[in-house]
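Beneath this line is the structure, given in structure tokens, with notes to follow.
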Amino acid sequence: MKILLVGSGGREHALALGLSADKACTELHAAPGNPGIATIATLHPIAVTDNDALAALAQSLAVDLVVIGPEVPLVNGAADVIRALGIPVFGPSKAAAQLEGSKDFAKGVMRDAGVPTAQSFTCTTESEIINALDTFGAPYVVKDDGLAAGKGVVVTNDRDVAIKHALSCSVVVIEEYLDGPEISLFGISDGRNILAMEPAQDFKRAYDNDEGPNTGGMGAYSPLPWAPADIVETTYETILAPMIAEMAARGTPFVGLLYAGLALTKNGVRVIEFNARFGDPETQVLIPRLATPLATLLFNAATDNLDDTVLNWRDESAVTVVVASEGYPESPKMGAEISLPSTSEASIYHAGTSTSDGRLLSSGGRVLTVTGLGANLTIARNIAYAALSKIFLDKSFFRSDIALAASKGK
């Protein structure tokens, strides 16, 4: 099977390794890819925003499957253009990707599907914003309706901060605060069926103890020993399956990865948000734990053939930690040289890296993701942090508390 992977981040590096490990994958290409992906795939310098060029590449390579990693090409309709050529695509259509592209759209689908979520108002004027904030009170939850690279959500007790962020959005969703631990639970869908994956938990704040600004994610771990034993079954029955059924009923079936961000509240599981693709950094702990061959799995999803598929998981735990550039997330410094260990028990995924004159350089806010895999969370943490201690990137930083509480049974 020839596969084209679209994207260039840590999520795509993890997917590339998973795809290439499946014996069914005979040839792997990536557009545009990154220096880490280049070690296992042929790279093609095409922007993820160029739908026509991506489609032309897929056709010229005669690939059997296209896997689209990032949200931007999905929301821009890349999957539609490629599917029009008769090529299977793992990734939702432009219409279905609105589950991530518009929080207001997602709220409407959840309402019609009977999926539990926070009460909310969609606002376009200052008076609507003030009324919504007054209705729910603090903590204020303010979400840019559109894509914002993981930085469009502000949760704050400061009313002025909430108003400022709301006014910076052309359309904003303001909702009640959902108390309780947050987890991510993904589902792989062929448009009719959806297979629930194991849950993971990521860490959004930049610094230890959940302090600092919101980010795209600073680390993650899986499994969750503290989570309810029936969390996968409950999420499938009350959230994933109803959403897939509603999207199909609307004539816009969802084919790809449905990411459910969940809050485990005192009143039960509630949806915080949906994404239309593999999450980052959760992918870097879920793919190493997945025993089911990935290329075959995604091909079956892309070709409406998941009826008899079962997901199998390795017993190991996984912990991943993000290495971020100085200044991330507000104004990350780029172009600094990176030194990696020659050998490591951990997997080191490239996210924001590039090469110049044989040197590996930082080219993004989140530069690397380091994943340890072990018999339990403590061993997995130790493996990841041992590798982190051997990586050099001037003035970079990482959180030291990823999965720490869970590894202690908390």
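Following the order of the structure tokens, chains are lettered A, B, ..., residues in each are numbered from 1, and ligands are numbered from 1.
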
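Residues within 8 Å of Pro253 (chain A), counting only C-alpha atoms and excluding same-chain residues fewer than 5 positions away, are Pro92, Ala96, Gly191, Arg192, Ile244, Met247 and Ala248 of chain A.
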
I'd like to know which residues of region 200-344 of chain A are strand (DSSP E) (by DSSP, run on the backbone); could you write them as a PyMOL selection string?
chain A and resi 201-202+205-207+211-214+219-222+255-265+268-275+317-324+338-339

Near Asn382 (chain A), counting only C-alpha atoms, which residues have an atom at most 12 Å away, once you skip same-chain residues fewer than 5 positions from it, shown as a PDB file with C-alpha atoms, in the first residue's frame?
```
ATOM      1  CA  SER A 317       1.953   2.975  29.602  1.00  0.00           C
ATOM      2  CA  ALA A 318       3.180   5.972  27.603  1.00  0.00           C
ATOM      3  CA  VAL A 319       4.237   9.457  28.694  1.00  0.00           C
ATOM      4  CA  THR A 320       5.173  12.214  26.278  1.00  0.00           C
ATOM      5  CA  VAL A 321       6.735  15.595  27.064  1.00  0.00           C
ATOM      6  CA  GLU A 345      15.190   4.376  24.960  1.00  0.00           C
ATOM      7  CA  ALA A 346      12.579   7.039  24.307  1.00  0.00           C
ATOM      8  CA  VAL A 370       9.704  12.844  23.729  1.00  0.00           C
ATOM      9  CA  THR A 371       7.774   9.655  24.546  1.00  0.00           C
ATOM     10  CA  GLY A 372       8.670   6.968  27.047  1.00  0.00           C
ATOM     11  CA  LEU A 373       6.962   3.573  26.915  1.00  0.00           C
ATOM     12  CA  GLY A 374       7.103   1.309  29.962  1.00  0.00           C
ATOM     13  CA  ALA A 375       5.343  -1.204  32.186  1.00  0.00           C
ATOM     14  CA  ASN A 376       3.742   1.621  34.173  1.00  0.00           C
ATOM     15  CA  LEU A 377       3.562   5.416  34.187  1.00  0.00           C
ATOM     16  CA  ALA A 387      16.028  11.360  27.201  1.00  0.00           C
ATOM     17  CA  LEU A 388      14.992  14.980  27.789  1.00  0.00           C
ATOM     18  CA  SER A 389      18.070  15.503  29.963  1.00  0.00           C
ATOM     19  CA  SER A 400       8.557  18.476  34.745  1.00  0.00           C
ATOM     20  CA  ASP A 401       5.196  17.251  36.053  1.00  0.00           C
ATOM     21  CA  ILE A 402       3.655  15.412  33.074  1.00  0.00           C
ATOM     22  CA  ALA A 403       1.789  12.350  34.471  1.00  0.00           C
ATOM     23  CA  LEU A 404       3.429  12.883  37.870  1.00  0.00           C
ATOM     24  CA  SER A 407       2.026   7.905  38.443  1.00  0.00           C
TER      25      SER A 407
END
```

Please identify all polymer residues within 8 Å of Ala291 (chain A), counting only C-alpha atoms, omitting same-chain residues fewer than 6 positions from it, and present them as an NGL selection string.
:A and (311-314)

Please return as a ChimeraX atom specification: the residues of region 63-310 of chain A that backbone DSSP assigns to helix (DSSP H, G or I).
/A:71-75,78-83,98-101,103-113,126-136,159-167,208-210,231-249,283-289,294-302

Which residues are near Asn275 (chain A)? Cut-off 10 Å, only C-alpha atoms, ignore same chain within fewer than 4 positions. Put them as a PyMOL selection string.
chain A and resi 71+97-103+106+186+257-261+279

Tell me, as a ChimeraX atom specification, which residues lie within 9 Å of region 293-306 of chain A, counting only C-alpha atoms; anything in the same chain fewer than 4 positions away does not count.
/A:1,3,15,18-25,64-67,88-91,188-195,255-256,287,310-311

Include N, CA and C atoms and write out the residues we just selected as a compact mmCIF listing (two decimals), in the first residue's frame.
```txt
# COMPACT_ATOMS: atom_id res chain seq x y z
N MET A 1 0.83 -1.19 0.00
CA MET A 1 0.00 0.00 0.00
C MET A 1 0.87 1.25 0.00
N ILE A 3 1.19 5.17 0.62
CA ILE A 3 0.46 6.12 1.46
C ILE A 3 1.11 7.50 1.37
N LEU A 15 2.42 9.41 13.52
CA LEU A 15 1.61 8.68 12.54
C LEU A 15 2.49 8.00 11.50
N GLY A 18 3.91 4.89 12.91
CA GLY A 18 2.88 3.88 13.01
C GLY A 18 2.51 3.29 11.67
N LEU A 19 2.39 4.13 10.65
CA LEU A 19 2.04 3.66 9.31
C LEU A 19 3.15 2.77 8.74
N SER A 20 4.40 3.21 8.89
CA SER A 20 5.52 2.47 8.31
C SER A 20 5.74 1.14 9.01
N ALA A 21 5.27 1.02 10.27
CA ALA A 21 5.44 -0.23 11.01
C ALA A 21 4.45 -1.31 10.56
N ASP A 22 3.40 -0.90 9.86
CA ASP A 22 2.42 -1.85 9.33
C ASP A 22 2.98 -2.48 8.06
N LYS A 23 3.05 -3.81 8.01
CA LYS A 23 3.61 -4.51 6.85
C LYS A 23 2.84 -4.22 5.57
N ALA A 24 1.59 -3.76 5.71
CA ALA A 24 0.79 -3.44 4.52
C ALA A 24 1.29 -2.18 3.83
N CYS A 25 2.04 -1.35 4.56
CA CYS A 25 2.57 -0.10 3.98
C CYS A 25 3.89 -0.42 3.27
N ASP A 64 -2.49 4.66 -2.60
CA ASP A 64 -3.70 3.93 -2.25
C ASP A 64 -4.48 4.60 -1.12
N LEU A 65 -3.81 5.49 -0.40
CA LEU A 65 -4.43 6.14 0.75
C LEU A 65 -3.73 7.47 1.04
N VAL A 66 -4.53 8.47 1.36
CA VAL A 66 -4.01 9.75 1.84
C VAL A 66 -4.49 9.94 3.28
N VAL A 67 -3.56 10.24 4.18
CA VAL A 67 -3.88 10.50 5.58
C VAL A 67 -3.57 11.98 5.84
N PRO A 88 -8.87 7.03 -1.79
CA PRO A 88 -9.34 6.99 -0.41
C PRO A 88 -8.58 7.98 0.48
N VAL A 89 -9.32 8.66 1.35
CA VAL A 89 -8.73 9.65 2.24
C VAL A 89 -9.18 9.39 3.67
N PHE A 90 -8.22 9.34 4.59
CA PHE A 90 -8.54 9.31 6.01
C PHE A 90 -8.54 10.75 6.49
N GLY A 91 -9.73 11.28 6.68
CA GLY A 91 -9.91 12.67 7.06
C GLY A 91 -11.26 13.14 6.56
N ILE A 188 -12.22 6.43 15.73
CA ILE A 188 -11.90 6.27 14.31
C ILE A 188 -13.16 5.82 13.58
N SER A 189 -13.58 6.61 12.58
CA SER A 189 -14.87 6.37 11.94
C SER A 189 -14.76 6.18 10.44
N ASP A 190 -15.64 5.30 9.91
CA ASP A 190 -15.75 5.13 8.47
C ASP A 190 -17.00 5.83 7.92
N GLY A 191 -17.65 6.63 8.77
CA GLY A 191 -18.86 7.33 8.38
C GLY A 191 -20.11 6.67 8.92
N ARG A 192 -20.02 5.36 9.24
CA ARG A 192 -21.14 4.62 9.83
C ARG A 192 -20.79 4.09 11.20
N ASN A 193 -19.63 3.46 11.29
CA ASN A 193 -19.12 2.90 12.55
C ASN A 193 -18.10 3.86 13.15
N ILE A 194 -17.94 3.76 14.46
CA ILE A 194 -16.84 4.48 15.09
C ILE A 194 -16.24 3.60 16.18
N LEU A 195 -14.90 3.48 16.17
CA LEU A 195 -14.17 2.67 17.13
C LEU A 195 -13.52 3.59 18.15
N VAL A 255 -15.80 10.84 8.18
CA VAL A 255 -14.82 9.79 7.93
C VAL A 255 -13.46 10.29 8.38
N GLY A 256 -12.93 9.66 9.41
CA GLY A 256 -11.63 10.10 9.92
C GLY A 256 -11.57 9.95 11.42
N ILE A 287 -0.47 6.22 19.64
CA ILE A 287 0.04 5.39 18.54
C ILE A 287 1.07 4.37 19.03
N VAL A 310 -11.50 -4.57 15.27
CA VAL A 310 -11.40 -4.40 16.73
C VAL A 310 -10.04 -3.78 17.04
N LEU A 311 -10.04 -2.82 17.94
CA LEU A 311 -8.77 -2.20 18.34
C LEU A 311 -8.12 -2.99 19.47
```

Excluding Gly212 (chain A) and any residue of its chain fewer than 4 positions from it, enumerate the residues within 12 Å of it, using only C-alpha atoms, and give them as a list in words.
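The neighbour list is Val154, Val155, Thr156, Phe203, Lys204, Arg205, Ala206, Tyr207, Asp208, Met218, Gly327, Tyr328, Pro329, Glu330 and Arg399 of chain A.
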
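Shortest atom-to-atom contact with Gln284 (chain A) among A:Ser222, A:Thr234, A:Thr309, A:Thr125: A:Ser222, counting only C-alpha atoms.
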
Between CA of Pro341 (chain A) and CA of Leu393 (chain A), what is the distance in Å, rounded to a tenth?
11.9 Å

Distance CA of Lys164 (chain A)-CA of Phe274 (chain A), one decimal place?
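CA of Phe274 (chain A) lies 24.3 Å from CA of Lys164 (chain A).
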
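Using only C-alpha atoms, the smallest distance between any of A:Pro288, A:Gly364, A:Gly36, A:Pro45 and Glu198 (chain A) comes from A:Pro288.
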
How far is it from CA of Thr42 (chain A) to CA of Gly352 (chain A), in Å with one decimal?
18.2 Å

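Minimum distance to Glu326 (chain A) across A:Ile46, A:Val367, A:Ile231, A:Leu240 (counting only C-alpha atoms) occurs at A:Val367.
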